[in-house]
$ cat final-v4.cif   # mmCIF, C-alpha atoms
data_my_file
loop_
_atom_site.label_atom_id
_atom_site.label_comp_id
_atom_site.auth_asym_id
_atom_site.auth_seq_id
_atom_site.Cartn_x
_atom_site.Cartn_y
_atom_site.Cartn_z
CA MET A 1 0.00 0.00 0.00
CA SER A 2 1.43 3.38 -1.03
CA GLY A 3 2.07 6.02 1.63
CA SER A 4 1.74 8.91 -0.87
CA ARG A 5 -0.73 11.68 -0.06
CA ASP A 6 -3.33 13.26 -2.29
CA PRO A 7 -1.60 16.31 -3.93
CA ALA A 8 -4.87 18.30 -3.85
CA ALA A 9 -5.18 17.72 -0.10
CA THR A 10 -1.57 18.83 0.43
CA THR A 11 -2.15 22.01 -1.56
CA GLU A 12 -5.30 22.74 0.41
CA GLU A 13 -3.43 22.19 3.67
CA ASN A 14 -0.62 24.51 2.58
CA ASN A 15 -3.13 27.17 1.56
CA SER A 16 -4.81 26.96 4.95
CA LYS A 17 -1.43 27.71 6.55
CA MET A 18 -0.65 30.69 4.27
CA ARG A 19 -0.02 33.89 6.13
CA VAL A 20 -2.79 36.45 5.59
CA ILE A 21 -1.98 40.18 5.38
CA ARG A 22 -5.00 42.51 5.55
CA VAL A 23 -4.77 45.60 3.33
CA GLY A 24 -6.97 48.65 3.96
CA THR A 25 -8.16 50.95 1.17
CA ARG A 26 -10.83 53.47 0.27
CA LYS A 27 -13.81 52.14 -1.66
CA SER A 28 -13.46 54.20 -4.84
CA GLN A 29 -12.57 52.47 -8.09
CA LEU A 30 -9.27 54.35 -8.33
CA ALA A 31 -8.33 53.47 -4.74
CA ARG A 32 -9.06 49.79 -5.45
CA ILE A 33 -6.97 49.85 -8.64
CA GLN A 34 -4.07 51.47 -6.77
CA THR A 35 -4.33 48.97 -3.92
CA ASP A 36 -4.50 46.05 -6.35
CA SER A 37 -1.29 47.28 -8.00
CA VAL A 38 0.53 47.43 -4.65
CA VAL A 39 -0.76 43.98 -3.66
CA ALA A 40 0.41 42.59 -7.03
CA MET A 41 3.93 43.94 -6.37
CA LEU A 42 3.94 42.43 -2.87
CA LYS A 43 2.71 39.07 -4.22
CA ALA A 44 5.63 39.04 -6.67
CA PHE A 45 8.03 39.36 -3.71
CA TYR A 46 6.07 37.06 -1.37
CA PRO A 47 4.25 34.35 -3.36
CA GLY A 48 3.61 32.40 -0.14
CA VAL A 49 1.59 35.21 1.45
CA GLN A 50 -2.13 35.77 1.00
CA PHE A 51 -3.44 39.34 0.86
CA GLU A 52 -6.99 40.26 1.86
CA ILE A 53 -8.27 43.69 0.78
CA ILE A 54 -10.65 45.52 3.13
CA ALA A 55 -12.35 48.62 1.66
CA MET A 56 -13.96 51.42 3.67
CA SER A 57 -15.35 54.94 3.24
CA THR A 58 -13.52 57.97 4.64
CA THR A 59 -14.71 61.41 5.74
CA GLY A 60 -13.57 62.88 2.42
CA ASP A 61 -15.62 60.29 0.54
CA LYS A 62 -18.77 61.10 2.53
CA ILE A 63 -18.72 64.93 2.45
CA LEU A 64 -19.28 65.74 -1.21
CA ASP A 65 -21.06 69.10 -1.07
CA THR A 66 -18.16 71.11 0.39
CA ALA A 67 -14.80 72.11 -1.08
CA LEU A 68 -11.92 70.11 0.42
CA SER A 69 -10.24 73.29 1.61
CA LYS A 70 -13.35 74.24 3.64
CA ILE A 71 -13.74 71.05 5.64
CA GLY A 72 -10.83 71.85 7.94
CA GLU A 73 -9.77 68.25 8.50
CA LYS A 74 -6.14 67.35 7.73
CA SER A 75 -6.76 63.61 7.44
CA LEU A 76 -9.86 63.69 5.23
CA PHE A 77 -9.03 60.55 3.30
CA THR A 78 -6.99 58.71 5.93
CA LYS A 79 -8.61 58.94 9.38
CA GLU A 80 -10.95 55.93 9.16
CA LEU A 81 -8.21 53.82 7.57
CA GLU A 82 -5.79 54.79 10.35
CA TYR A 83 -8.42 53.92 12.95
CA ALA A 84 -8.64 50.39 11.49
CA LEU A 85 -4.84 50.19 11.40
CA GLY A 86 -4.61 51.25 15.04
CA LYS A 87 -7.27 48.69 16.05
CA ASN A 88 -5.27 45.96 14.28
CA GLU A 89 -8.16 45.37 11.87
CA VAL A 90 -5.78 45.84 8.92
CA ASP A 91 -1.99 45.41 8.68
CA LEU A 92 -1.23 48.11 6.12
CA VAL A 93 -3.07 50.80 4.17
CA VAL A 94 -2.50 52.02 0.61
CA HIS A 95 -2.94 55.76 0.00
CA SER A 96 -2.32 58.34 -2.67
CA LEU A 97 0.73 59.92 -1.05
CA LYS A 98 -0.66 63.43 -1.59
CA ASP A 99 -3.55 62.55 0.79
CA LEU A 100 -1.18 61.78 3.68
CA PRO A 101 -0.42 64.74 5.99
CA THR A 102 3.26 65.56 6.54
CA MET A 103 2.75 64.92 10.27
CA LEU A 104 1.28 61.47 10.92
CA PRO A 105 -0.15 60.28 14.24
CA PRO A 106 2.77 58.95 16.35
CA ASP A 107 1.74 55.30 16.06
CA PHE A 108 1.93 55.24 12.26
CA THR A 109 4.55 55.61 9.56
CA ILE A 110 4.82 55.43 5.76
CA GLY A 111 6.68 52.17 5.29
CA ALA A 112 6.96 52.34 1.50
CA ILE A 113 6.70 54.86 -1.33
CA CYS A 114 6.24 53.19 -4.70
CA LYS A 115 7.69 54.41 -7.99
CA ARG A 116 6.02 57.62 -9.01
CA GLU A 117 3.91 57.94 -12.12
CA ASN A 118 3.53 61.22 -14.02
CA PRO A 119 2.91 63.80 -11.25
CA CYS A 120 1.46 66.48 -13.55
CA ASP A 121 -2.12 67.67 -13.88
CA ALA A 122 -4.28 67.12 -16.95
CA VAL A 123 -7.20 68.96 -18.52
CA VAL A 124 -10.23 66.89 -19.50
CA PHE A 125 -12.59 68.80 -21.78
CA HIS A 126 -16.36 68.64 -22.22
CA PRO A 127 -17.10 66.71 -25.46
CA LYS A 128 -18.03 69.92 -27.29
CA PHE A 129 -14.61 71.42 -26.50
CA VAL A 130 -12.42 68.46 -27.44
CA GLY A 131 -9.42 69.73 -29.37
CA LYS A 132 -9.28 72.99 -27.41
CA THR A 133 -6.70 74.03 -24.80
CA LEU A 134 -7.24 76.17 -21.72
CA GLU A 135 -5.85 79.09 -23.72
CA THR A 136 -8.37 78.66 -26.54
CA LEU A 137 -11.49 78.02 -24.42
CA PRO A 138 -14.12 80.76 -24.83
CA GLU A 139 -14.16 83.75 -22.48
CA ARG A 140 -15.71 83.02 -19.03
CA SER A 141 -15.65 79.26 -19.57
CA VAL A 142 -15.98 77.43 -16.24
CA VAL A 143 -13.22 74.99 -15.30
CA GLY A 144 -13.80 72.57 -12.40
CA THR A 145 -11.15 71.67 -9.83
CA SER A 146 -11.21 70.56 -6.20
CA SER A 147 -7.78 72.14 -5.60
CA LEU A 148 -6.90 75.68 -4.49
CA ARG A 149 -3.38 74.99 -5.78
CA ARG A 150 -4.57 74.38 -9.33
CA ALA A 151 -7.11 77.21 -9.32
CA ALA A 152 -4.61 79.81 -8.04
CA GLN A 153 -1.92 78.96 -10.59
CA LEU A 154 -4.30 78.66 -13.53
CA GLN A 155 -6.27 81.82 -12.74
CA ARG A 156 -3.01 83.68 -12.95
CA LYS A 157 -2.15 82.18 -16.35
CA PHE A 158 -5.66 82.10 -17.84
CA PRO A 159 -7.54 85.15 -16.52
CA HIS A 160 -10.30 84.73 -19.13
CA LEU A 161 -11.48 81.53 -17.39
CA GLU A 162 -13.54 80.97 -14.22
CA PHE A 163 -12.51 78.23 -11.79
CA LYS A 164 -15.14 76.54 -9.61
CA SER A 165 -15.07 73.66 -7.14
CA ILE A 166 -16.06 70.18 -8.27
CA ARG A 167 -16.15 67.23 -5.84
CA GLY A 168 -16.54 63.48 -6.05
CA ASN A 169 -14.39 60.58 -7.16
CA LEU A 170 -13.00 60.48 -10.71
CA ASN A 171 -16.05 58.68 -12.09
CA THR A 172 -18.42 61.24 -10.53
CA ARG A 173 -16.43 64.25 -11.73
CA LEU A 174 -16.22 62.96 -15.29
CA GLN A 175 -19.97 62.27 -15.23
CA LYS A 176 -20.65 65.84 -14.04
CA LEU A 177 -18.45 67.16 -16.85
CA ASP A 178 -20.05 65.09 -19.60
CA GLU A 179 -23.71 65.19 -18.55
CA GLN A 180 -24.06 68.73 -17.19
CA GLN A 181 -23.45 71.90 -19.14
CA LYS A 182 -21.84 73.66 -16.17
CA PHE A 183 -18.16 72.88 -16.86
CA SER A 184 -16.19 73.36 -20.06
CA ALA A 185 -13.29 71.34 -18.62
CA ILE A 186 -12.03 69.86 -15.36
CA ILE A 187 -8.50 69.45 -13.99
CA LEU A 188 -7.42 66.00 -12.75
CA ALA A 189 -4.14 64.27 -11.96
CA VAL A 190 -2.56 62.51 -14.95
CA ALA A 191 -1.63 59.52 -12.75
CA GLY A 192 -5.22 58.86 -11.69
CA LEU A 193 -6.49 58.99 -15.27
CA GLN A 194 -3.72 56.63 -16.39
CA ARG A 195 -4.43 54.15 -13.60
CA MET A 196 -8.12 54.14 -14.54
CA GLY A 197 -7.21 53.49 -18.18
CA TRP A 198 -8.70 56.82 -19.29
CA GLN A 199 -5.66 58.27 -21.07
CA ASN A 200 -7.89 59.00 -24.08
CA ARG A 201 -9.71 61.68 -22.03
CA VAL A 202 -6.53 63.72 -21.50
CA GLY A 203 -6.93 66.81 -23.67
CA GLN A 204 -3.93 68.73 -22.35
CA ILE A 205 -1.12 67.96 -19.92
CA LEU A 206 -0.13 70.89 -17.71
CA HIS A 207 3.64 70.88 -17.40
CA PRO A 208 5.28 72.33 -14.26
CA GLU A 209 6.00 75.69 -15.94
CA GLU A 210 2.20 76.04 -16.38
CA CYS A 211 1.02 74.40 -13.17
CA MET A 212 3.26 72.85 -10.54
CA TYR A 213 1.89 69.77 -8.84
CA ALA A 214 0.87 68.79 -5.31
CA VAL A 215 3.37 67.39 -2.82
CA GLY A 216 3.60 63.63 -3.41
CA GLN A 217 1.27 63.65 -6.43
CA GLY A 218 1.57 60.56 -8.63
CA ALA A 219 3.12 58.38 -5.88
CA LEU A 220 1.49 55.73 -3.69
CA GLY A 221 2.33 55.43 -0.01
CA VAL A 222 1.93 52.36 2.21
CA GLU A 223 1.09 53.28 5.80
CA VAL A 224 1.79 50.81 8.62
CA ARG A 225 2.03 50.72 12.40
CA ALA A 226 5.33 52.36 13.35
CA LYS A 227 6.36 49.58 15.73
CA ASP A 228 5.24 46.66 13.55
CA GLN A 229 8.73 45.66 12.43
CA ASP A 230 7.47 42.56 10.67
CA ILE A 231 5.19 44.54 8.33
CA LEU A 232 7.80 47.30 7.91
CA ASP A 233 10.24 44.66 6.70
CA LEU A 234 7.58 43.21 4.40
CA VAL A 235 6.70 46.49 2.62
CA CYS A 236 10.10 48.21 2.49
CA VAL A 237 10.97 46.31 -0.70
CA LEU A 238 8.51 48.61 -2.49
CA HIS A 239 10.51 51.80 -1.80
CA ASP A 240 11.62 53.47 -5.02
CA PRO A 241 14.74 55.45 -3.95
CA GLU A 242 14.37 58.35 -6.39
CA THR A 243 10.65 58.79 -5.68
CA LEU A 244 11.33 58.51 -1.95
CA LEU A 245 13.99 61.25 -1.94
CA ARG A 246 11.95 63.60 -4.13
CA CYS A 247 8.92 63.14 -1.88
CA ILE A 248 10.92 63.62 1.34
CA ALA A 249 12.10 66.99 -0.04
CA GLU A 250 8.56 67.94 -1.09
CA ARG A 251 6.99 66.91 2.22
CA ALA A 252 9.69 68.71 4.23
CA PHE A 253 8.99 71.87 2.19
CA LEU A 254 5.24 71.66 2.85
CA ARG A 255 5.65 70.84 6.53
CA HIS A 256 7.98 73.77 7.18
CA LEU A 257 5.55 76.11 5.42
CA GLU A 258 2.74 74.63 7.53
CA GLY A 259 0.79 74.25 4.31
CA GLY A 260 -2.11 71.94 3.55
CA CYS A 261 -5.15 71.79 1.29
CA SER A 262 -6.39 75.13 2.68
CA VAL A 263 -3.58 77.12 1.01
CA PRO A 264 -2.12 77.05 -2.53
CA VAL A 265 1.32 75.40 -2.29
CA ALA A 266 2.95 73.50 -5.16
CA VAL A 267 6.24 71.83 -6.05
CA HIS A 268 8.35 70.37 -8.83
CA THR A 269 11.30 68.03 -8.26
CA VAL A 270 13.91 66.60 -10.60
CA MET A 271 16.78 64.19 -9.92
CA LYS A 272 19.57 64.53 -12.46
CA ASP A 273 23.31 63.74 -12.44
CA GLY A 274 23.45 63.27 -8.67
CA GLN A 275 21.58 66.54 -8.03
CA LEU A 276 18.11 66.89 -6.53
CA TYR A 277 16.36 70.06 -7.71
CA LEU A 278 13.32 71.36 -5.81
CA THR A 279 11.13 74.20 -7.02
CA GLY A 280 8.43 75.30 -4.61
CA GLY A 281 5.86 78.06 -4.71
CA VAL A 282 3.02 79.70 -2.80
CA TRP A 283 0.10 81.68 -4.25
CA SER A 284 -2.71 83.91 -3.10
CA LEU A 285 -6.17 82.37 -3.65
CA ASP A 286 -6.74 84.34 -6.87
CA GLY A 287 -3.18 83.79 -8.07
CA SER A 288 -2.44 87.52 -8.22
CA ASP A 289 0.32 87.27 -5.62
CA SER A 290 2.90 84.50 -5.76
CA MET A 291 6.43 83.55 -4.83
CA GLN A 292 8.58 80.67 -6.02
CA GLU A 293 12.22 79.66 -5.83
CA THR A 294 14.44 76.73 -6.81
CA MET A 295 17.24 75.11 -4.79
CA GLN A 296 19.38 72.04 -5.34
CA THR A 297 21.55 69.67 -3.36
CA THR A 298 24.02 66.92 -4.18
CA ILE A 299 22.54 63.55 -3.39
CA HIS A 300 23.54 59.92 -3.68
CA VAL A 301 20.90 57.85 -5.48
CA PRO A 302 21.19 54.45 -3.81
CA ALA A 303 20.61 50.98 -5.16
CA GLN A 304 17.18 49.61 -4.28
CA HIS A 305 18.32 47.20 -1.57
CA GLU A 306 21.30 49.03 -0.11
CA ASP A 307 21.28 48.61 3.65
CA GLY A 308 21.08 51.51 6.07
CA PRO A 309 21.17 51.76 9.85
CA GLU A 310 18.59 49.60 11.60
CA ASP A 311 17.22 52.15 14.03
CA ASP A 312 16.55 55.20 11.87
CA PRO A 313 13.66 57.37 13.05
CA GLN A 314 11.07 58.74 10.67
CA LEU A 315 11.58 61.70 8.36
CA VAL A 316 8.40 63.62 7.45
CA GLY A 317 6.39 60.55 8.43
CA ILE A 318 8.46 58.11 6.34
CA THR A 319 10.53 55.11 7.45
CA ALA A 320 13.04 53.84 4.89
CA ARG A 321 15.78 51.76 6.47
CA ASN A 322 16.91 50.35 3.13
CA VAL A 323 17.84 53.78 1.74
CA PRO A 324 20.99 55.50 3.08
CA ARG A 325 20.28 57.94 5.88
CA GLY A 326 22.56 60.62 4.46
CA ALA A 327 20.56 60.82 1.22
CA GLN A 328 17.29 61.13 3.16
CA LEU A 329 18.67 63.88 5.41
CA ALA A 330 19.98 65.81 2.38
CA ALA A 331 16.52 65.66 0.77
CA GLU A 332 14.79 66.77 3.99
CA SER A 333 17.27 69.62 4.44
CA LEU A 334 16.63 70.78 0.87
CA GLY A 335 12.89 71.02 1.49
CA THR A 336 13.28 72.82 4.81
CA SER A 337 15.86 75.24 3.36
CA LEU A 338 13.65 76.18 0.42
CA ALA A 339 10.67 76.77 2.71
CA THR A 340 12.83 78.93 4.98
CA LEU A 341 13.99 80.97 1.98
CA LEU A 342 10.39 81.64 0.90
CA LEU A 343 9.28 82.47 4.44
CA ASN A 344 12.15 84.93 4.78
CA LYS A 345 11.01 86.59 1.54
CA GLY A 346 7.44 87.06 2.78
CA ALA A 347 5.64 83.82 1.88
CA LYS A 348 4.05 83.67 5.34
CA ASN A 349 1.99 86.76 4.61
CA ILE A 350 0.71 85.29 1.33
CA LEU A 351 -0.26 82.05 3.09
CA ASP A 352 -1.85 83.78 6.08
CA VAL A 353 -4.04 85.94 3.83
CA ALA A 354 -4.97 82.88 1.74
CA ARG A 355 -6.03 80.99 4.90
CA GLN A 356 -8.10 83.91 6.16
CA LEU A 357 -9.84 84.42 2.83
CA ASN A 358 -10.51 80.70 2.48
CA ASP A 359 -12.12 80.68 5.95
CA VAL A 360 -14.55 83.48 5.15
CA GLN A 361 -15.45 82.63 1.54
#

$ encode --input "final-v4.cif" --output "C-alpha cells"
Amino acid sequence: MSGSRDPAATTEENNSKMRVIRVGTRKSQLARIQTDSVVAMLKAFYPGVQFEIIAMSTTGDKILDTALSKIGEKSLFTKELEYALGKNEVDLVVHSLKDLPTMLPPDFTIGAICKRENPCDAVVFHPKFVGKTLETLPERSVVGTSSLRRAAQLQRKFPHLEFKSIRGNLNTRLQKLDEQQKFSAIILAVAGLQRMGWQNRVGQILHPEECMYAVGQGALGVEVRAKDQDILDLVCVLHDPETLLRCIAERAFLRHLEGGCSVPVAVHTVMKDGQLYLTGGVWSLDGSDSMQETMQTTIHVPAQHEDGPEDDPQLVGITARNVPRGAQLAAESLGTSLATLLLNKGAKNILDVARQLNDVQ
C-alpha cells in the first residue's frame, strides 16, 4: 500500500497555513486599482503570502457638497483607515501619497513609497470642447477643480477663465463634466487617469511651468504601524529610492511652510546627475500674488536594496531603512531650506491671507 498523499489535499493544507496580510483601502474604483497594483507587487516578492483587501469609506468620501479646503480636517481621506490600522483590523493601508499629511499620528509611519507615475495635472474637456486648450477656451468658460493649488496657478495664467469647485471621485467628476453643461473642462491628476485606463480623455497635460503639482502627487504610499517591524520589513521592498527622496524633499517643504489643502502650495522636483532640484511656490487664492524659488543639493541615489542603519527614526512621516540615511537627510534639508527661503522673503503673509480668505469665503 502506497504512503503517498493526495496532492490536492496537500495544496489545500498549505493554503490553509498561508499567512494572511490585511490591506486597507478606500472604496473608490481608483483606490481599489491602486491597492490592487501594490498587492500585485507584494505578491511578486512574497508568493507564499495571502493578501486580503478591506475597503472602507472615509470622511472625504462622505462629504461631497463642500470644497476640500473648507472642511478643515487634515486627514480627510486617511482617518478611518488609520483607525482600522490602530485597532489591528488591517496590517497596512495604501494611500495616494498626496492625501497623507506631513505629520502622521505617532503610532503610524509610511513604510513604502512606490515608484512615481507622471505627477502632472491634466485637462479633460467637455465633449463639445475636445481639441481645445485652456488658452483657446471661450471667455468666461468654467473649469472645475477641487484644488486651491490648481485654481490659483491657472487663474493667474488664464484670466479669461472661471474656476469653480467640483467634488466626487473620478467617475463622478467625469460624469458631471459630460452630462451637465456647467463645466467646459475639469483638472485632474494625470496619474489617476492613467491608472483608470482613461488616457484617451486627456486633452492637455499641464507641465510644471504652467502648473506645478501637489506634494507627493503621482506616488502611492503604504502606511503601517510604526512599531510593527514585521510589516515594515515586508513592505520596504517597495521603496523606489528616487521617488522617496523627491517626496521627502517635497513633504519637508510643505511641513515647514505649515501648508495643507487650505492654502495654494505647489512643487516640482527633478533628480539629475546626482543633483536633486526642488522648485516650490506659494500663491494667493486668486493667483495675483505669488512667490517661487528653486534650490538644489548633491545627493547619492542608492541601489534599491542598499542597507542603512537599523534604528533610523522617521523623516516627514516616512521610514526607509533600506535607503541611506545621508541621502534622506539631504533631501529633507533641501525642502526645509527652500521653505525657509520663501518664508524669509514674505511667503508667510501670502499664506496667512490665503487661509483667512478661504475661511470666510

$ closest_residue --input "final-v4.cif" --among "A:Glu162, A:Glu80, A:Asp99, A:Glu250" --to "Asp286 (chain A)" --atoms "all atoms listed in the file"
A:Glu162

$ residues_around --input "final-v4.cif" --residues "region 312-318 of chain A" --least-positions-apart "5" --cutoff "12 Å" --atoms "only C-alpha atoms" --output "ChimeraX atom specification"
/A:97,100-113,216,221-227,232,236,239,244-245,247-256,307,323-333,335-336

$ closest_residue --input "final-v4.cif" --among "A:Glu82, A:Glu179, A:Asp230, A:Asp91" --to "Lys128 (chain A)" --atoms "all atoms listed in the file"
A:Glu179

$ atom_distance --input "final-v4.cif" --atom1 "CA of Gln229 (chain A)" --atom2 "CA of Thr25 (chain A)"
21.0 Å

$ atom_distance --input "final-v4.cif" --atom1 "CA of Pro138 (chain A)" --atom2 "CA of Gly203 (chain A)"
15.7 Å

$ resolve_selection --input "final-v4.cif" --expression "the PyMOL selection byres ((chain A and resi 122) around 10)" --output "PDB file with C-alpha atoms, keeping the file's coordinate frame"
ATOM      1  CA  PRO A 119       2.910  63.800 -11.250  1.00  0.00           C
ATOM      2  CA  CYS A 120       1.460  66.480 -13.550  1.00  0.00           C
ATOM      3  CA  ASP A 121      -2.120  67.670 -13.880  1.00  0.00           C
ATOM      4  CA  VAL A 123      -7.200  68.960 -18.520  1.00  0.00           C
ATOM      5  CA  VAL A 124     -10.230  66.890 -19.500  1.00  0.00           C
ATOM      6  CA  PHE A 125     -12.590  68.800 -21.780  1.00  0.00           C
ATOM      7  CA  ILE A 186     -12.030  69.860 -15.360  1.00  0.00           C
ATOM      8  CA  ILE A 187      -8.500  69.450 -13.990  1.00  0.00           C
ATOM      9  CA  LEU A 188      -7.420  66.000 -12.750  1.00  0.00           C
ATOM     10  CA  ALA A 189      -4.140  64.270 -11.960  1.00  0.00           C
ATOM     11  CA  VAL A 190      -2.560  62.510 -14.950  1.00  0.00           C
ATOM     12  CA  ALA A 191      -1.630  59.520 -12.750  1.00  0.00           C
ATOM     13  CA  GLY A 192      -5.220  58.860 -11.690  1.00  0.00           C
ATOM     14  CA  LEU A 193      -6.490  58.990 -15.270  1.00  0.00           C
ATOM     15  CA  GLN A 199      -5.660  58.270 -21.070  1.00  0.00           C
ATOM     16  CA  ARG A 201      -9.710  61.680 -22.030  1.00  0.00           C
ATOM     17  CA  VAL A 202      -6.530  63.720 -21.500  1.00  0.00           C
ATOM     18  CA  GLY A 203      -6.930  66.810 -23.670  1.00  0.00           C
ATOM     19  CA  GLN A 204      -3.930  68.730 -22.350  1.00  0.00           C
ATOM     20  CA  ILE A 205      -1.120  67.960 -19.920  1.00  0.00           C
ATOM     21  CA  LEU A 206      -0.130  70.890 -17.710  1.00  0.00           C
ATOM     22  CA  HIS A 207       3.640  70.880 -17.400  1.00  0.00           C
ATOM     23  CA  CYS A 211       1.020  74.400 -13.170  1.00  0.00           C
TER      24      CYS A 211
END
